[in-house]
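Structure first, then comments.
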Amino acid sequence: MLDAEVSRTVLNTLEDKGWIASQEHKKAVKAWPKEVETDDHKPKLNEEQAVAIATVNSAQGFGCYLLEGVTGSGKTEVYLNLIKPVLEQGKQALVLVPEIGLTPQTINRFKKRFQVPIEVIHSGLNETERLNAWLSARDKEAGIVIGTRSALLTPFKNLGIIIVDEEHDASYKQQDSLRYHARDVAVMRASKANIPVVLGSATPALETLQNALSGKYHHLTLTERAGQASPTKNRALDVKGLYLEAGLSAPLIAEMRRHLKAGNQVMLFLNRRGFSPALMCHECGWIAECQRCDAYYTYHHHSNEMRCHHCGSQKPVVHQCEGCGSTQLVTVGVGTEQLEEQLNQLFPEFKAIRIDRDSTRRKGTLEESLKAIRRGEYQILIGTQMLAKGHHFPDVTLVGLLDVDGSLYSSDFRASERLAQLFIQVAGRAGRASKQGEVLLQTHHPDHSLLQSLLTKGYGEFARTALLERKMAFLPPFSFLTLFRAEANHSDLVEEFLRQVRHTLESHPLFDDACMVLGPTPAPLAKRAGKHRWQLLLQAQSRPLMQKLLHSAKPAIEMLPTAKKVRWSLDIDPQDLS
C-alpha cells in the first residue's frame, strides 16, 4: 500500500470503517551464539579484580556494589567479566556511560569481546535509530545496551545486570523537565528487578561513598593500576609572578617540549570553550555583556562572533566600545581556541587537536578525532571535560591542568568535590600503558590544603576528610535538600512567590526542628534568557520527612495566587545550585 502512495491518514480511516484490517509482523529474533565471548587477547585478572568479580557473581538477587578503582585499574575488564555469565544465562546487560564521547570506545571494546548484538542509545541518535535500539532491547535481540542516562528508561525482555560507569558524573542528573538522577534510578530499577547494580568510579560521589562506608552498599576496591602501568607523578606549578602565554607558563612549556621530543603525546585540560571568556575596552573597561543574562559574551575567533553560553544568543563581534567609542578592544582570559592557536605557534613541528563542544558539533566528528589521536596523528591534545573522562590514550605521558583556581573558593559546597574528581579523572589520562605518566597543575595557590591533599594522598583521603566536614556542617549526605527555583519577567513577582512558598512550608504541621528553609535569594546567575531567577532551599534531617512534607505541601503551593504568574520547579537532591 505504501508503494501506491496511500497516506497513513487514509489507511487509518479505512481501518476505522472496518474495510481493512491491520496486522503486525515482527521480524524473527536471531538467537545469540552458543559461545557469547571470544577469548582472543583476554587480559589476565589481578587479585583485586578477581575478588570483585567473584563477590558480585556469588550473590543472588539484588545487590548494589560500589567499585572504587583508581584510574587505569581495569574497571572495564571487571564489567566485561561480570556481563559474561549474565549473557550465558540468556539475560541482558545495561551499561550507562556519562558522555556520548565514551560510547564509541566502549562499544568497540564490548564488540571485540562479545558475539551478541550490542545497541547504543544517546541523544545524538535520530528517532528511527532510537526506536530500533529500543525495540531491539525490548524483543531481546540485543544482549547489551550501552548509553547515556536516557538509556536507563529502555524496556528489556530479561535484564540481568546494570552497570553505571563514572557514577559520580554530574551529567547523570537530568536538570530540567523530568528531573531524575540516573544513578539513583538505576539502583531502584535493579532493586525492583532483583538484579545486581554496579556503580564504578575512581572518584565516587560522596553520597555513594557514604552509602558504601555505612554498609548500605557493598564496597569493592581496585588499588593497583592494571598491567604494567605505574602511578603518575603529580606536581603543582606555582605560577605567581610568571608570564603566561595563552595560559601556559614557561616551566609547563619546557616539560611539554621534553615529552613531545621523546615521541609521546601531551594533553592540556582547560574547561573553557571559545577564544576568550570576555571582550573588554582597554580605554574605559567596558565589557561586552549579554543583554538577556547576567553574564559576559564569550568571544569565538573561528566563527568571528560573540556567544552567551547560558542562553545561546550570539551576535557579530563588535569593533567599537559601546561605552566610550574606542576601538581598543582586548580579549580577557583564555579559552581552548586561543590555547590551540598559541600551541601551533610554540610547537609548529607537532600537530595539535582541540576537543570541545564546538569542534565536535557535527555527527561523527568526535569519533574520528579520537581514532586519529589513538593512531598518533596528533601529539598535543587540548580539551574540556569531554576529553577528561574514561578515554584510553596509551601514548599520553604528560597532562597539564590550566586555570582551576576558581574552584578553590566557590560558594557551592560541592565545588571542592568536583575539583577533586576532575583532577583525578584528568590525571588518569596519563601513563595508562607502560610509560611513566606525569601530571602538572598550574596554580596561584600551590599550598592550598585541597590541592596538597590531592597531590600527595589521593582522592580517598580527600573524600573521607570531606565527609567529616559535611557531617559537621550538616550537609548532604548527612541531610537532604530540595531546591525551589522560580523565574519571571519581574524580579519582585518571583521573590514574592518564594516568600509565600516559605510561609507555606514553615506553617505546615509536618515542619519541625528537623527542617530548615533558606532564602529566598537571587540565584547565582540572577538573570538568564531575559528571566529573573530566585531560589529557595529546603533542608531536612531525613528523606522520608522531606518527601512527606513536599507531597503534602505541593498542592497548597500550586494554589498560591502567584504560582501561575511565575515558572517554578522543585529539584530534589540538586546537583547544581546555580
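In the C-alpha cells, each chain is lettered A, B, ... as it comes, each chain's residues begin at 1, and ligands are numbered from 1 in order of appearance.
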
Exercise. So which residues touch stretch 436-447 of chain A within 6 Å, counting only C-alpha atoms, skipping near sequence neighbours fewer than 3 positions away, as a PyMOL selection string?
Worked result: chain A and resi 232-240+397-402+427+430-431

For this session: Could you give me, as a VMD selection string, each residue of stretch 216-461 of chain A that DSSP assigns to helix (DSSP H, G or I) when run on this structure's backbone?
Result: chain A and resid 250 to 261 336 to 346 365 to 374 385 to 387 405 to 409 415 to 427 449 to 457 459 to 461

List as a CSV table (one decimal) with all heavy atoms, in the first residue's frame the protein and nucleic acid residues near stretch 484-501 of chain A, meaning an atom at most 8 Å away when only C-alpha atoms are counted, but skip any in the same chain fewer than 4 places from it.
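The result, written out as selection-v1.csv:
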```csv
chain,number,residue,atom,x,y,z
A,505,LEU,N,5.6,26.3,53.7
A,505,LEU,CA,6.3,25.2,54.3
A,505,LEU,C,6.5,25.3,55.8
A,505,LEU,O,6.3,24.3,56.5
A,505,LEU,CB,7.7,25.2,53.6
A,505,LEU,CG,7.8,24.8,52.2
A,505,LEU,CD1,9.3,25.0,51.6
A,505,LEU,CD2,7.4,23.3,51.9
A,520,PRO,N,14.1,33.2,50.5
A,520,PRO,CA,14.5,33.2,49.1
A,520,PRO,C,15.7,34.2,48.8
A,520,PRO,O,15.8,35.2,49.5
A,520,PRO,CB,13.3,33.6,48.3
A,520,PRO,CG,12.5,34.4,49.3
A,520,PRO,CD,12.8,33.9,50.6
A,521,THR,N,16.5,33.8,47.9
A,521,THR,CA,17.6,34.7,47.4
A,521,THR,C,17.7,34.6,45.9
A,521,THR,O,17.3,33.7,45.3
A,521,THR,CB,19.0,34.1,48.0
A,521,THR,OG1,19.2,32.8,47.6
A,521,THR,CG2,19.0,34.2,49.5
A,530,GLY,N,16.6,36.5,29.8
A,530,GLY,CA,15.6,37.6,30.0
A,530,GLY,C,14.7,37.4,31.2
A,530,GLY,O,13.9,38.2,31.5
A,531,LYS,N,14.9,36.3,31.9
A,531,LYS,CA,14.1,36.0,33.1
A,531,LYS,C,14.9,36.2,34.4
A,531,LYS,O,16.1,35.8,34.5
A,531,LYS,CB,13.6,34.5,33.1
A,531,LYS,CG,12.8,34.1,31.8
A,531,LYS,CD,11.5,34.8,31.8
A,531,LYS,CE,10.6,34.3,30.6
A,531,LYS,NZ,9.3,34.9,30.5
A,532,HIS,N,14.2,36.8,35.4
A,532,HIS,CA,14.8,37.0,36.7
A,532,HIS,C,14.6,35.7,37.5
A,532,HIS,O,13.5,35.2,37.5
A,532,HIS,CB,14.2,38.2,37.4
A,532,HIS,CG,14.4,39.5,36.8
A,532,HIS,ND1,15.6,40.2,37.0
A,532,HIS,CD2,13.7,40.2,35.8
A,532,HIS,CE1,15.5,41.3,36.3
A,532,HIS,NE2,14.4,41.3,35.5
A,533,ARG,N,15.7,35.3,38.1
A,533,ARG,CA,15.7,33.9,38.8
A,533,ARG,C,16.0,34.1,40.3
A,533,ARG,O,16.9,34.7,40.7
A,533,ARG,CB,16.7,33.0,38.1
A,533,ARG,CG,16.6,33.0,36.6
A,533,ARG,CD,17.8,32.4,35.9
A,533,ARG,NE,17.9,30.9,36.2
A,533,ARG,CZ,18.9,30.3,36.8
A,533,ARG,NH1,20.0,31.1,37.2
A,533,ARG,NH2,19.0,29.0,37.0
A,534,TRP,N,15.1,33.4,41.1
A,534,TRP,CA,15.3,33.3,42.5
A,534,TRP,C,15.2,31.9,42.9
A,534,TRP,O,14.7,31.0,42.2
A,534,TRP,CB,14.3,34.1,43.3
A,534,TRP,CG,14.5,35.6,43.2
A,534,TRP,CD1,14.5,36.4,42.1
A,534,TRP,CD2,14.8,36.5,44.3
A,534,TRP,NE1,14.7,37.7,42.4
A,534,TRP,CE2,14.9,37.8,43.8
A,534,TRP,CE3,14.9,36.3,45.7
A,534,TRP,CZ2,15.2,38.9,44.6
A,534,TRP,CZ3,15.1,37.4,46.5
A,534,TRP,CH2,15.3,38.7,46.0
A,535,GLN,N,15.7,31.6,44.1
A,535,GLN,CA,15.6,30.2,44.6
A,535,GLN,C,15.5,30.1,46.1
A,535,GLN,O,15.8,31.1,46.9
A,535,GLN,CB,16.8,29.4,44.2
A,535,GLN,CG,18.2,29.9,44.6
A,535,GLN,CD,19.3,29.2,43.9
A,535,GLN,OE1,19.2,28.8,42.7
A,535,GLN,NE2,20.4,29.0,44.6
A,536,LEU,N,15.0,29.0,46.6
A,536,LEU,CA,14.7,28.7,48.0
A,536,LEU,C,15.1,27.3,48.3
A,536,LEU,O,14.9,26.4,47.5
A,536,LEU,CB,13.2,28.8,48.2
A,536,LEU,CG,12.6,28.7,49.6
A,536,LEU,CD1,12.9,29.9,50.4
A,536,LEU,CD2,11.1,28.3,49.6
A,537,LEU,N,15.8,27.1,49.4
A,537,LEU,CA,16.3,25.8,49.7
A,537,LEU,C,15.6,25.2,51.0
A,537,LEU,O,15.6,25.9,52.0
A,537,LEU,CB,17.8,25.9,50.0
A,537,LEU,CG,18.7,24.6,49.8
A,537,LEU,CD1,18.6,24.1,48.4
A,537,LEU,CD2,20.1,25.0,50.1
A,538,LEU,N,15.1,24.0,50.9
A,538,LEU,CA,14.5,23.3,52.0
A,538,LEU,C,15.5,22.2,52.4
A,538,LEU,O,16.0,21.4,51.6
A,538,LEU,CB,13.2,22.6,51.6
A,538,LEU,CG,12.6,21.6,52.6
A,538,LEU,CD1,12.2,22.3,53.9
A,538,LEU,CD2,11.4,20.9,52.0
A,557,ILE,N,1.0,24.9,47.5
A,557,ILE,CA,1.9,25.8,46.7
A,557,ILE,C,1.3,26.0,45.4
A,557,ILE,O,1.3,27.2,44.9
A,557,ILE,CB,3.3,25.2,46.6
A,557,ILE,CG1,4.0,25.1,48.0
A,557,ILE,CG2,4.2,26.0,45.7
A,557,ILE,CD1,5.3,24.4,48.1
A,560,LEU,N,-1.2,28.8,45.3
A,560,LEU,CA,-0.9,30.2,45.7
A,560,LEU,C,-1.2,31.2,44.6
A,560,LEU,O,-1.2,30.8,43.4
A,560,LEU,CB,0.6,30.3,45.9
A,560,LEU,CG,1.2,29.5,47.2
A,560,LEU,CD1,2.7,29.5,47.2
A,560,LEU,CD2,0.6,30.2,48.5
A,562,THR,N,0.3,33.6,43.2
A,562,THR,CA,1.4,33.9,42.3
A,562,THR,C,1.9,32.7,41.6
A,562,THR,O,2.8,32.9,40.7
A,562,THR,CB,2.5,34.6,43.1
A,562,THR,OG1,2.9,33.8,44.2
A,562,THR,CG2,2.1,36.0,43.5
A,563,ALA,N,1.4,31.5,41.9
A,563,ALA,CA,2.0,30.3,41.3
A,563,ALA,C,1.9,30.3,39.8
A,563,ALA,O,2.8,29.7,39.1
A,563,ALA,CB,1.4,29.1,42.0
A,565,LYS,N,1.8,32.8,37.9
A,565,LYS,CA,2.4,34.0,37.3
A,565,LYS,C,3.9,33.9,37.1
A,565,LYS,O,4.5,34.7,36.5
A,565,LYS,CB,2.1,35.3,38.1
A,565,LYS,CG,0.6,35.6,38.2
A,565,LYS,CD,0.4,36.8,39.1
A,565,LYS,CE,-1.1,37.1,39.3
A,565,LYS,NZ,-1.4,38.3,40.2
A,566,VAL,N,4.4,32.8,37.6
A,566,VAL,CA,5.9,32.5,37.5
A,566,VAL,C,6.1,31.1,37.0
A,566,VAL,O,5.2,30.3,37.1
A,566,VAL,CB,6.6,32.7,38.9
A,566,VAL,CG1,6.4,34.1,39.4
A,566,VAL,CG2,6.2,31.6,39.9
A,567,ARG,N,7.3,30.9,36.5
A,567,ARG,CA,7.6,29.5,36.1
A,567,ARG,C,8.5,28.9,37.3
A,567,ARG,O,9.5,29.5,37.6
A,567,ARG,CB,8.4,29.5,34.8
A,567,ARG,CG,8.8,28.1,34.4
A,567,ARG,CD,9.6,28.1,33.1
A,567,ARG,NE,10.0,26.8,32.7
A,567,ARG,CZ,10.8,26.6,31.6
A,567,ARG,NH1,11.2,27.6,30.9
A,567,ARG,NH2,11.1,25.3,31.3
A,568,TRP,N,8.0,27.9,37.9
A,568,TRP,CA,8.7,27.4,39.1
A,568,TRP,C,8.9,25.8,39.0
A,568,TRP,O,8.2,25.2,38.3
A,568,TRP,CB,8.0,27.8,40.4
A,568,TRP,CG,6.7,27.1,40.6
A,568,TRP,CD1,5.5,27.5,40.1
A,568,TRP,CD2,6.4,26.0,41.4
A,568,TRP,NE1,4.4,26.7,40.5
A,568,TRP,CE2,5.0,25.7,41.3
A,568,TRP,CE3,7.2,25.1,42.2
A,568,TRP,CZ2,4.4,24.7,42.0
A,568,TRP,CZ3,6.5,24.1,42.9
A,568,TRP,CH2,5.2,23.9,42.8
A,569,SER,N,9.8,25.3,39.7
A,569,SER,CA,10.1,23.9,39.8
A,569,SER,C,10.7,23.6,41.1
A,569,SER,O,11.3,24.5,41.8
A,569,SER,CB,11.0,23.5,38.6
A,569,SER,OG,12.3,24.1,38.8
A,570,LEU,N,10.7,22.3,41.5
A,570,LEU,CA,11.4,21.9,42.6
A,570,LEU,C,12.4,20.7,42.2
A,570,LEU,O,12.0,19.9,41.4
A,570,LEU,CB,10.5,21.4,43.8
A,570,LEU,CG,9.5,20.3,43.6
A,570,LEU,CD1,10.1,19.0,43.8
A,570,LEU,CD2,8.3,20.6,44.5
A,571,ASP,N,13.6,20.8,42.8
A,571,ASP,CA,14.6,19.8,42.4
A,571,ASP,C,15.1,19.1,43.7
A,571,ASP,O,15.7,19.7,44.5
A,571,ASP,CB,15.8,20.6,41.7
A,571,ASP,CG,16.8,19.6,41.2
A,571,ASP,OD1,16.7,18.4,41.3
A,571,ASP,OD2,17.8,20.1,40.7
```

For this session: For atom CA of A:Ala193 and atom CA of A:Ile163, determine how far apart the two atoms are, in Å to one decimal place.
Result: 13.9 Å

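Between A:Arg418 and the residues A:Pro394, A:Pro524, A:Pro204, A:Gly335, the shortest atom-to-atom distance, using only C-alpha atoms, involves A:Pro204.
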
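As for atom CA of A:Ile83 and atom CA of A:Leu422, they are spaced 28.2 Å apart.
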
For this session: Just the residues within 6 Å of stretch 96-113 of chain A, please, counting only C-alpha atoms, with nothing from its chain fewer than 5 positions along; format it as a ChimeraX atom specification.
Result: /A:37-38,146-148,164-165,171

Compile the contact shell of A:Ile373 as a PDB file with N, CA, C and O atoms, in the first residue's frame: residues with an atom at most 8 Å away, counting only C-alpha atoms, same-chain residues fewer than 5 positions apart removed.
```pdb
ATOM      1  N   TYR A 378      48.043  13.114  16.075  1.00  0.00           N
ATOM      2  CA  TYR A 378      48.177  14.366  16.826  1.00  0.00           C
ATOM      3  C   TYR A 378      49.025  14.108  18.061  1.00  0.00           C
ATOM      4  O   TYR A 378      48.890  13.078  18.716  1.00  0.00           O
ATOM      5  N   GLN A 379      49.888  15.065  18.364  1.00  0.00           N
ATOM      6  CA  GLN A 379      50.773  14.915  19.513  1.00  0.00           C
ATOM      7  C   GLN A 379      50.314  15.747  20.715  1.00  0.00           C
ATOM      8  O   GLN A 379      50.639  15.438  21.860  1.00  0.00           O
ATOM      9  N   PHE A 393      44.344   6.708  26.260  1.00  0.00           N
ATOM     10  CA  PHE A 393      45.372   7.177  25.326  1.00  0.00           C
ATOM     11  C   PHE A 393      46.724   6.687  25.836  1.00  0.00           C
ATOM     12  O   PHE A 393      47.357   7.346  26.673  1.00  0.00           O
TER      13      PHE A 393
END
```

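The closest residue to A:Arg189, picked from A:Cys64, A:Ala415, A:Glu127, A:Ala212 and counting only C-alpha atoms, is A:Cys64.
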
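The space between atom CA of A:Gly247 and atom CA of A:Val317 spans 22.8 Å.
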
Which residues are close to stretch 355-369 of chain A, i.e. within 6 Å by only C-alpha atoms, leaving aside same-chain residues fewer than 2 positions away? Reply as a short mmCIF file (atom, residue, chain, number, x, y, z; two decimals) with C-alpha atoms, in the first residue's frame.
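Writing done, so here's part_23.cif:
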```cif
data_model
loop_
_atom_site.label_atom_id
_atom_site.label_comp_id
_atom_site.auth_asym_id
_atom_site.auth_seq_id
_atom_site.Cartn_x
_atom_site.Cartn_y
_atom_site.Cartn_z
CA LYS A 371 40.60 7.48 16.35
CA ALA A 372 43.14 9.93 14.92
CA GLY A 383 40.22 19.51 25.68
CA THR A 384 37.46 20.33 28.08
#
```

Exercise. Neighbours of A:Asn132 within 12 Å (only C-alpha atoms; same-chain residues fewer than 2 positions away dropped), as number ranges by chain?
Worked result: A: 118-121, 125-130, 134-139, 141-142, 145, 154

Problem set entry | Selected residue of minimal separation from A:Lys315 among A:Asn46, A:Gln338, A:Thr331, A:Gln291, counting only C-alpha atoms | A:Gln291

Problem set entry | In stretch 86-242 of chain A, DSSP strand (DSSP E or B) residues written as a ChimeraX atom specification | /A:92-96,114,118-121,144-147,159-165,173-174,180-181,196-201,218-222,233-238

For this session: Find the residue from A:Pro316, A:Pro33, A:Gly333, A:Gly519 that sits nearest to A:Ser276; use only C-alpha atoms when measuring.
Result: A:Gly333

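Of the listed residues (A:Arg414, A:Arg429, A:His309, A:Arg179), A:Arg429 comes nearest to A:Phe269; the distances count only C-alpha atoms.
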
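The smallest atom-to-atom distance between A:Thr504 and any of A:Val6, A:Leu475, A:Cys324, A:Leu550, using only C-alpha atoms, is found for A:Leu550.
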